[in-house]
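Below: one structure, written as structure tokens.
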Amino acid sequence: MSDDSTDNAKSMSIIVTKGSLDWAYPPFILGTTAAAMDMKVTMFFTFYGLALLKKKLNLKFTTLGNPAMEMPMMGGHMAMPNLLSVMPGVGGAAGKMMKNLMKQKGVASIEDLREASVDLEIRMIACQMTLDLFEYTQDDMIDGIELGGAATYMEVASKTDINLFI
Amino acid sequence: MAVHELNAEGLNCPLPILKAKKMLKGLAAGDVLKIRSTDPGSVADFSAFCTHTGNKLLSSSSEGDIYLFEIERT
């Protein structure tokens, strides 16, 4: 890393609003990659994004209402009809299938990506309001995160080059 | 000038970059990191990574299904 990398070094902030298994990937992949490229990264977790900060991750996935979702199966791609995805056990099975697919293809787990985020010193802020709303405490979340509100995020975003809402 | 190796075969984006970054951090200036990857996306990724971080991409080639990179820590 050259010391004069400030010319190229940029900063990025991401507002993370979703907490399902599939939606957990974009913020963590973008965040860790940017940090690996020497950018200063801040991730602000709000609403369902809070699920990604829980000590024990239990991310879920559903095919319901996911019209673009097609699993590679038996040589082709198969979508699941909505009616089938509401049946008990199907959601859980879809999540398991997705996690297995990821493992098989060498895609990092969210646990690994989150650990990499902490290693890469990404600033992770949990939305205080959402914590209160869903009655979570800081103890439910992993260590090393800050608490903040909208103004905290705005202050960061006003100085960052790239701001994403996921 | 030491040469280090990273086997990133079987790993998909963004793991090759993340692992390379972790190793490069521990290298001295002038050291070289040789990387093996099976991720076709890593070709463009390592080029972008080096351009942005200032590390030098010494070579980028392929051997069948394996992509090989040599990065010099600057």
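Starting from 1 in every chain, residues are counted up; chains themselves are A, B, ... following the order of the structure tokens, and ligands are numbered from 1 as listed.
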Skipping near chain neighbours, those fewer than 6 positions away, what residues fall within 10 Å of Asp112 (chain A) using only C-alpha atoms, listed as a CSV table (one decimal) with C-alpha atoms, in the first residue's frame?
```csv
chain,number,residue,atom,x,y,z
A,28,PHE,CA,-21.0,-7.4,2.7
A,118,VAL,CA,-14.5,-6.5,11.2
B,15,LEU,CA,-12.7,-14.2,-1.5
```
Distance cut-off 8 Å, counting only C-alpha atoms - which residues of chain B neighbour chain A? Return them as a PyMOL selection string. chain B and resi 10-15+17-18+21+25+49+52-55+73-74
Skipping near chain neighbours, those fewer than 6 positions away, what residues fall within 12 Å of Met73 (chain A) using only C-alpha atoms, listed as JSON, numbers by chain? {"A": [79, 80, 97, 98, 101]}
Residues at most 10 Å from Asp22 (chain A), counting only C-alpha atoms, excluding those fewer than 4 positions away in the same chain, as a PyMOL selection string? chain A and resi 18+26+59-62+95+98-99+110
Restricted to N, CA and C atoms, what would the selected residues look like written as a short mmCIF file (atom, residue, chain, number, x, y, z; two decimals), in the first residue's frame?
```cif
data_model
loop_
_atom_site.label_atom_id
_atom_site.label_comp_id
_atom_site.auth_asym_id
_atom_site.auth_seq_id
_atom_site.Cartn_x
_atom_site.Cartn_y
_atom_site.Cartn_z
N LYS A 18 -31.97 -4.71 4.56
CA LYS A 18 -32.60 -6.01 4.43
C LYS A 18 -31.79 -7.09 5.13
N PRO A 26 -25.05 -8.55 -1.07
CA PRO A 26 -24.54 -7.31 -1.70
C PRO A 26 -23.82 -6.36 -0.74
N LEU A 59 -29.92 -16.59 9.07
CA LEU A 59 -30.54 -15.88 7.95
C LEU A 59 -31.45 -16.78 7.15
N LYS A 60 -32.58 -16.21 6.80
CA LYS A 60 -33.58 -17.00 6.10
C LYS A 60 -33.72 -16.54 4.65
N PHE A 61 -34.43 -17.35 3.92
CA PHE A 61 -34.56 -17.09 2.51
C PHE A 61 -35.89 -17.65 2.05
N THR A 62 -36.59 -16.88 1.22
CA THR A 62 -37.85 -17.42 0.72
C THR A 62 -37.97 -17.20 -0.77
N GLY A 95 -33.87 -22.20 2.11
CA GLY A 95 -32.71 -21.56 2.74
C GLY A 95 -31.54 -22.51 2.79
N MET A 98 -30.08 -23.06 -0.62
CA MET A 98 -29.29 -21.90 -1.03
C MET A 98 -27.93 -21.93 -0.36
N LYS A 99 -27.90 -22.22 0.94
CA LYS A 99 -26.62 -22.26 1.67
C LYS A 99 -25.72 -23.36 1.13
N ILE A 110 -21.95 -15.73 5.03
CA ILE A 110 -22.12 -14.38 5.58
C ILE A 110 -21.28 -14.24 6.85
#
```
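Across the structure, CA of Ile35 (chain B) and CA of Asn100 (chain A) are spaced 26.3 Å apart.
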As a PyMOL selection string, list the residues of chain A assigned to helix (DSSP H, G or I) by DSSP on the backbone atoms of this structure. chain A and resi 5-7+21-36+47-53+82-85+90-104+110-119+128-133+138-140+150-157
Counting only C-alpha atoms, what is within 9 Å of Asp161 (chain A), bar same-chain residues fewer than 2 positions away, as a list in words?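 Using only C-alpha atoms, the neighbours found are Lys10, Ser11, Met12, Ser13, Ala157, Ser158, Lys159 and Asn163 of chain A.
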Please measure the separation of CA of Leu53 (chain A) and CA of Met129 (chain A), giving the value in Å to one decimal. 14.8 Å
Could you name the residues that touch Glu121 (chain A) at 10 Å or less, counting only C-alpha atoms, but leaving out those on the same chain fewer than 6 positions away, as a count of residues only? 7
